[in-house]
Amino acid sequence: MKKISLLIFLTILLFGSPNVFGQKTSKPVVKRKIRTLVKPIPKAKVEIENWKVFDEKDLKLKIAFPKNPTMTVSNTVLGEPEAVKSSIVQAYVNGNFYMVEVREYPENFLPDRLDLGAEYGSWLKTFILSRNKIISEKNYDYEFYKIVEFVYQQTETDVLIHRAVVVGKNLYQMIIQIEIKKNDNLEQVIAKNNEKIKKFLDSFEITEKSLDGSTIY
């Protein structure tokens with residue numbers, strides 16, 4: 001009963017006439033307008049890009065990043081006692097993602113050939129990129145070695161430029177993923193970011209390799 005009485009009381013108080021408990025009031029009812037305060041969504045802060053060369057002697061490479069990258073190292077077991085060591089160096093800046101990976105294979109695991117970058121590219125296209133939209137692909141020389149490059153899309157809102165080369169027992173992969181912003185098409189976003197693409201990919205350098213292409217690792 002108490003709950004019912006309370007409900008009746010609240011109903012009268014909220015929806016009843018100005019005569020509350022039989023007492024008249026001479027004050028007019030003032031209707032208040034409720035205003036909703038809408039806060040604008042803040043724009044993402046633009047980071048200052050400070051390009052510096054990442055020089056890692058253990059990985060035998062140099063490459064420029066727009067800010068200090070992070071590095072993670074993992075091992076994938078191929079079969080006792082063989083394992084692949086994977087070192088990933090990456091940075092995310094202003095909607096773009098930069099990454100270089102070094103896979104160190106066991107001794108005598110890879111054939112001693114200089115065109116393995118192109119061969120890896122064929123495998124990559126067949127088994128990894130088959131579901132992606134490939135825009136372009138090409139092979140070109142990196143001294144004695146063959147680099148493969150793919151430009152492809154995983155979604156409609158990004159484009160990736162992916163290069164790979166095999167030197168000795170190491171596979172090197174460089175990837176830059178660029179966000180396609182609203183009102184930009186693929187060609188426009190690549191053109192707008194062309195300087196950054198070149199700064200990253202063209203700065204890649206393997207610091208320890210033979211002068212004649214033979215394996216030194």
# chains A, B, ... in the order shown; residues from 1 in each chain; ligands from 1
>>> residues_around(residues="region 153-155 of chain A", least_positions_apart="6", cutoff="8 Å", atoms="only C-alpha atoms", output="PyMOL selection string")
chain A and resi 132-135
>>> write_last_selection(atoms="C-alpha atoms", output="compact mmCIF listing (two decimals), in the first residue's frame")
# COMPACT_ATOMS: atom_id res chain seq x y z
CA ASN A 132 43.55 -8.15 -51.43
CA LYS A 133 43.15 -5.70 -54.28
CA ILE A 134 46.59 -5.50 -55.89
CA ILE A 135 47.14 -2.11 -57.59
>>> residues_around(residues="region 104-113 of chain A", least_positions_apart="3", cutoff="6 Å", atoms="only C-alpha atoms", output="list in words")
Val84, Lys85, Lys169 and Asn170 of chain A
>>> residues_around(residues="Lys146 (chain A)", least_positions_apart="4", cutoff="6 Å", atoms="only C-alpha atoms", output="ChimeraX atom specification")
/A:115,117-118,140-142
>>> atom_distance(atom1="CA of Lys196 (chain A)", atom2="CA of Ile175 (chain A)")
12.2 Å
>>> residues_around(residues="Ile63 (chain A)", least_positions_apart="4", cutoff="12 Å", atoms="only C-alpha atoms", output="mmCIF file with C-alpha atoms, in the first residue's frame")
data_model
loop_
_atom_site.group_PDB
_atom_site.id
_atom_site.type_symbol
_atom_site.label_atom_id
_atom_site.label_comp_id
_atom_site.auth_asym_id
_atom_site.auth_seq_id
_atom_site.Cartn_x
_atom_site.Cartn_y
_atom_site.Cartn_z
ATOM 1 C CA TRP A 51 62.454 11.946 -39.215
ATOM 2 C CA LYS A 52 65.504 10.087 -37.918
ATOM 3 C CA VAL A 53 67.434 7.082 -39.159
ATOM 4 C CA PHE A 54 66.883 3.927 -37.114
ATOM 5 C CA ASP A 55 70.250 2.139 -37.066
ATOM 6 C CA GLU A 56 70.193 -1.327 -35.534
ATOM 7 C CA LYS A 57 73.506 -3.147 -35.791
ATOM 8 C CA LEU A 59 69.530 -6.350 -37.499
ATOM 9 C CA LYS A 67 59.329 9.286 -34.888
ATOM 10 C CA ASN A 68 61.104 6.893 -32.543
ATOM 11 C CA PRO A 69 59.775 3.404 -33.347
ATOM 12 C CA VAL A 89 60.193 -2.224 -35.827
ATOM 13 C CA GLN A 90 57.133 0.012 -36.182
ATOM 14 C CA TYR A 98 55.381 2.317 -40.837
ATOM 15 C CA MET A 99 56.955 -1.090 -40.307
ATOM 16 C CA VAL A 100 60.108 -3.038 -41.109
ATOM 17 C CA GLU A 101 60.445 -6.730 -40.295
ATOM 18 C CA TYR A 172 63.647 -7.917 -44.969
ATOM 19 C CA GLN A 173 60.128 -6.496 -45.365
ATOM 20 C CA MET A 174 59.194 -2.805 -45.394
ATOM 21 C CA ILE A 175 55.543 -1.740 -45.247
ATOM 22 C CA LYS A 198 60.094 7.894 -50.403
ATOM 23 C CA LYS A 199 61.611 9.029 -47.106
ATOM 24 C CA PHE A 200 60.746 5.700 -45.522
ATOM 25 C CA LEU A 201 61.233 3.125 -48.265
ATOM 26 C CA ASP A 202 64.183 4.707 -50.062
ATOM 27 C CA SER A 203 66.124 5.149 -46.822
ATOM 28 C CA PHE A 204 66.312 1.374 -46.333
ATOM 29 C CA GLU A 205 69.878 0.116 -46.249
ATOM 30 C CA ILE A 206 71.397 -3.246 -45.340
ATOM 31 C CA THR A 207 74.609 -2.428 -43.531
#
>>> closest_residue(among="A:Leu171, A:Ile176, A:Glu137, A:Lys62", to="Tyr92 (chain A)", atoms="only C-alpha atoms")
A:Ile176
>>> atom_distance(atom1="CA of His162 (chain A)", atom2="CA of Glu149 (chain A)")
5.5 Å
>>> closest_residue(among="A:Ala164, A:Asn96, A:Leu61, A:Ile197", to="Ser122 (chain A)", atoms="only C-alpha atoms")
A:Ala164
>>> select_by_dssp(residues="region 118-216 of chain A", states="alpha helix (DSSP H)", output="VMD selection string")
chain A and resid 118 to 127 186 to 192 194 to 201
>>> write_last_selection(atoms="C-alpha atoms", output="CSV table (one decimal), in the first residue's frame")
chain,number,residue,atom,x,y,z
A,118,ALA,CA,61.3,-12.1,-56.4
A,119,GLU,CA,60.6,-15.7,-55.5
A,120,TYR,CA,59.2,-14.6,-52.1
A,121,GLY,CA,57.1,-12.0,-53.9
A,122,SER,CA,55.5,-14.8,-56.0
A,123,TRP,CA,54.7,-16.8,-52.9
A,124,LEU,CA,53.3,-13.6,-51.2
A,125,LYS,CA,51.0,-12.9,-54.1
A,126,THR,CA,49.7,-16.4,-54.3
A,127,PHE,CA,49.1,-17.2,-50.6
A,186,LEU,CA,43.7,6.3,-54.2
A,187,GLU,CA,45.8,8.4,-56.6
A,188,GLN,CA,45.4,11.5,-54.5
A,189,VAL,CA,46.4,9.9,-51.2
A,190,ILE,CA,49.5,8.4,-52.8
A,191,ALA,CA,50.4,11.7,-54.3
A,192,LYS,CA,49.9,13.6,-51.1
A,194,ASN,CA,54.7,10.6,-51.9
A,195,GLU,CA,57.4,12.4,-50.0
A,196,LYS,CA,56.8,10.3,-46.8
A,197,ILE,CA,56.7,7.1,-48.8
A,198,LYS,CA,60.1,7.9,-50.4
A,199,LYS,CA,61.6,9.0,-47.1
A,200,PHE,CA,60.7,5.7,-45.5
A,201,LEU,CA,61.2,3.1,-48.3
>>> decode(residues="region 70-156 of chain A", atoms="C-alpha atoms", output="compact mmCIF listing (two decimals), in the first residue's frame")
# COMPACT_ATOMS: atom_id res chain seq x y z
CA THR A 70 59.16 0.46 -31.05
CA MET A 71 60.72 -2.97 -31.58
CA THR A 72 59.44 -6.43 -30.70
CA VAL A 73 61.25 -9.75 -31.16
CA SER A 74 59.67 -13.20 -31.39
CA ASN A 75 60.64 -16.73 -32.42
CA THR A 76 58.65 -19.15 -34.56
CA VAL A 77 59.69 -22.77 -34.23
CA LEU A 78 60.13 -24.61 -37.52
CA GLY A 79 61.16 -27.87 -35.92
CA GLU A 80 63.74 -28.66 -33.28
CA PRO A 81 66.20 -27.04 -33.08
CA GLU A 82 65.32 -24.72 -35.98
CA ALA A 83 63.47 -21.45 -35.40
CA VAL A 84 62.87 -18.19 -37.26
CA LYS A 85 63.65 -15.02 -35.31
CA SER A 86 61.32 -12.17 -36.27
CA SER A 87 62.18 -8.58 -35.31
CA ILE A 88 59.49 -5.96 -36.01
CA VAL A 89 60.19 -2.22 -35.83
CA GLN A 90 57.13 0.01 -36.18
CA ALA A 91 55.67 3.47 -35.69
CA TYR A 92 52.15 4.95 -36.10
CA VAL A 93 52.03 8.65 -36.92
CA ASN A 94 49.16 10.88 -38.14
CA GLY A 95 47.08 8.02 -39.51
CA ASN A 96 49.98 6.27 -41.26
CA PHE A 97 51.71 3.06 -40.17
CA TYR A 98 55.38 2.32 -40.84
CA MET A 99 56.95 -1.09 -40.31
CA VAL A 100 60.11 -3.04 -41.11
CA GLU A 101 60.44 -6.73 -40.30
CA VAL A 102 63.62 -8.84 -40.31
CA ARG A 103 63.23 -12.62 -40.35
CA GLU A 104 66.44 -14.45 -39.54
CA TYR A 105 66.30 -18.04 -40.81
CA PRO A 106 68.55 -20.87 -39.61
CA GLU A 107 71.81 -21.60 -41.43
CA ASN A 108 71.36 -23.41 -44.75
CA PHE A 109 67.55 -23.10 -44.53
CA LEU A 110 67.26 -20.79 -47.56
CA PRO A 111 68.94 -21.62 -50.88
CA ASP A 112 72.02 -19.52 -51.63
CA ARG A 113 70.54 -17.41 -54.45
CA LEU A 114 70.29 -13.69 -55.12
CA ASP A 115 66.79 -13.63 -56.63
CA LEU A 116 64.92 -14.94 -53.58
CA GLY A 117 63.20 -11.59 -53.08
CA ALA A 118 61.34 -12.07 -56.38
CA GLU A 119 60.57 -15.68 -55.47
CA TYR A 120 59.21 -14.60 -52.09
CA GLY A 121 57.08 -12.02 -53.91
CA SER A 122 55.51 -14.78 -56.03
CA TRP A 123 54.69 -16.77 -52.89
CA LEU A 124 53.33 -13.64 -51.17
CA LYS A 125 51.04 -12.85 -54.09
CA THR A 126 49.70 -16.42 -54.27
CA PHE A 127 49.13 -17.20 -50.60
CA ILE A 128 48.91 -13.89 -48.69
CA LEU A 129 47.69 -11.18 -51.03
CA SER A 130 45.21 -13.24 -53.04
CA ARG A 131 42.25 -11.70 -51.21
CA ASN A 132 43.55 -8.15 -51.43
CA LYS A 133 43.15 -5.70 -54.28
CA ILE A 134 46.59 -5.50 -55.89
CA ILE A 135 47.14 -2.11 -57.59
CA SER A 136 50.64 -2.73 -58.93
CA GLU A 137 53.67 -4.98 -58.57
CA LYS A 138 57.25 -4.80 -59.78
CA ASN A 139 60.70 -6.25 -59.26
CA TYR A 140 63.87 -4.21 -59.31
CA ASP A 141 67.49 -4.50 -58.32
CA TYR A 142 68.99 -3.71 -54.95
CA GLU A 143 72.68 -4.07 -55.82
CA PHE A 144 73.06 -7.84 -56.45
CA TYR A 145 69.65 -8.69 -54.97
CA LYS A 146 66.06 -8.57 -56.19
CA ILE A 147 63.45 -6.47 -54.42
CA VAL A 148 59.76 -7.09 -54.97
CA GLU A 149 57.22 -4.29 -54.42
CA PHE A 150 53.44 -4.55 -54.15
CA VAL A 151 50.91 -1.73 -53.86
CA TYR A 152 47.59 -3.10 -52.61
CA GLN A 153 44.45 -2.42 -50.63
CA GLN A 154 43.06 -4.43 -47.73
CA THR A 155 40.02 -2.14 -47.41
CA GLU A 156 38.63 0.90 -49.22
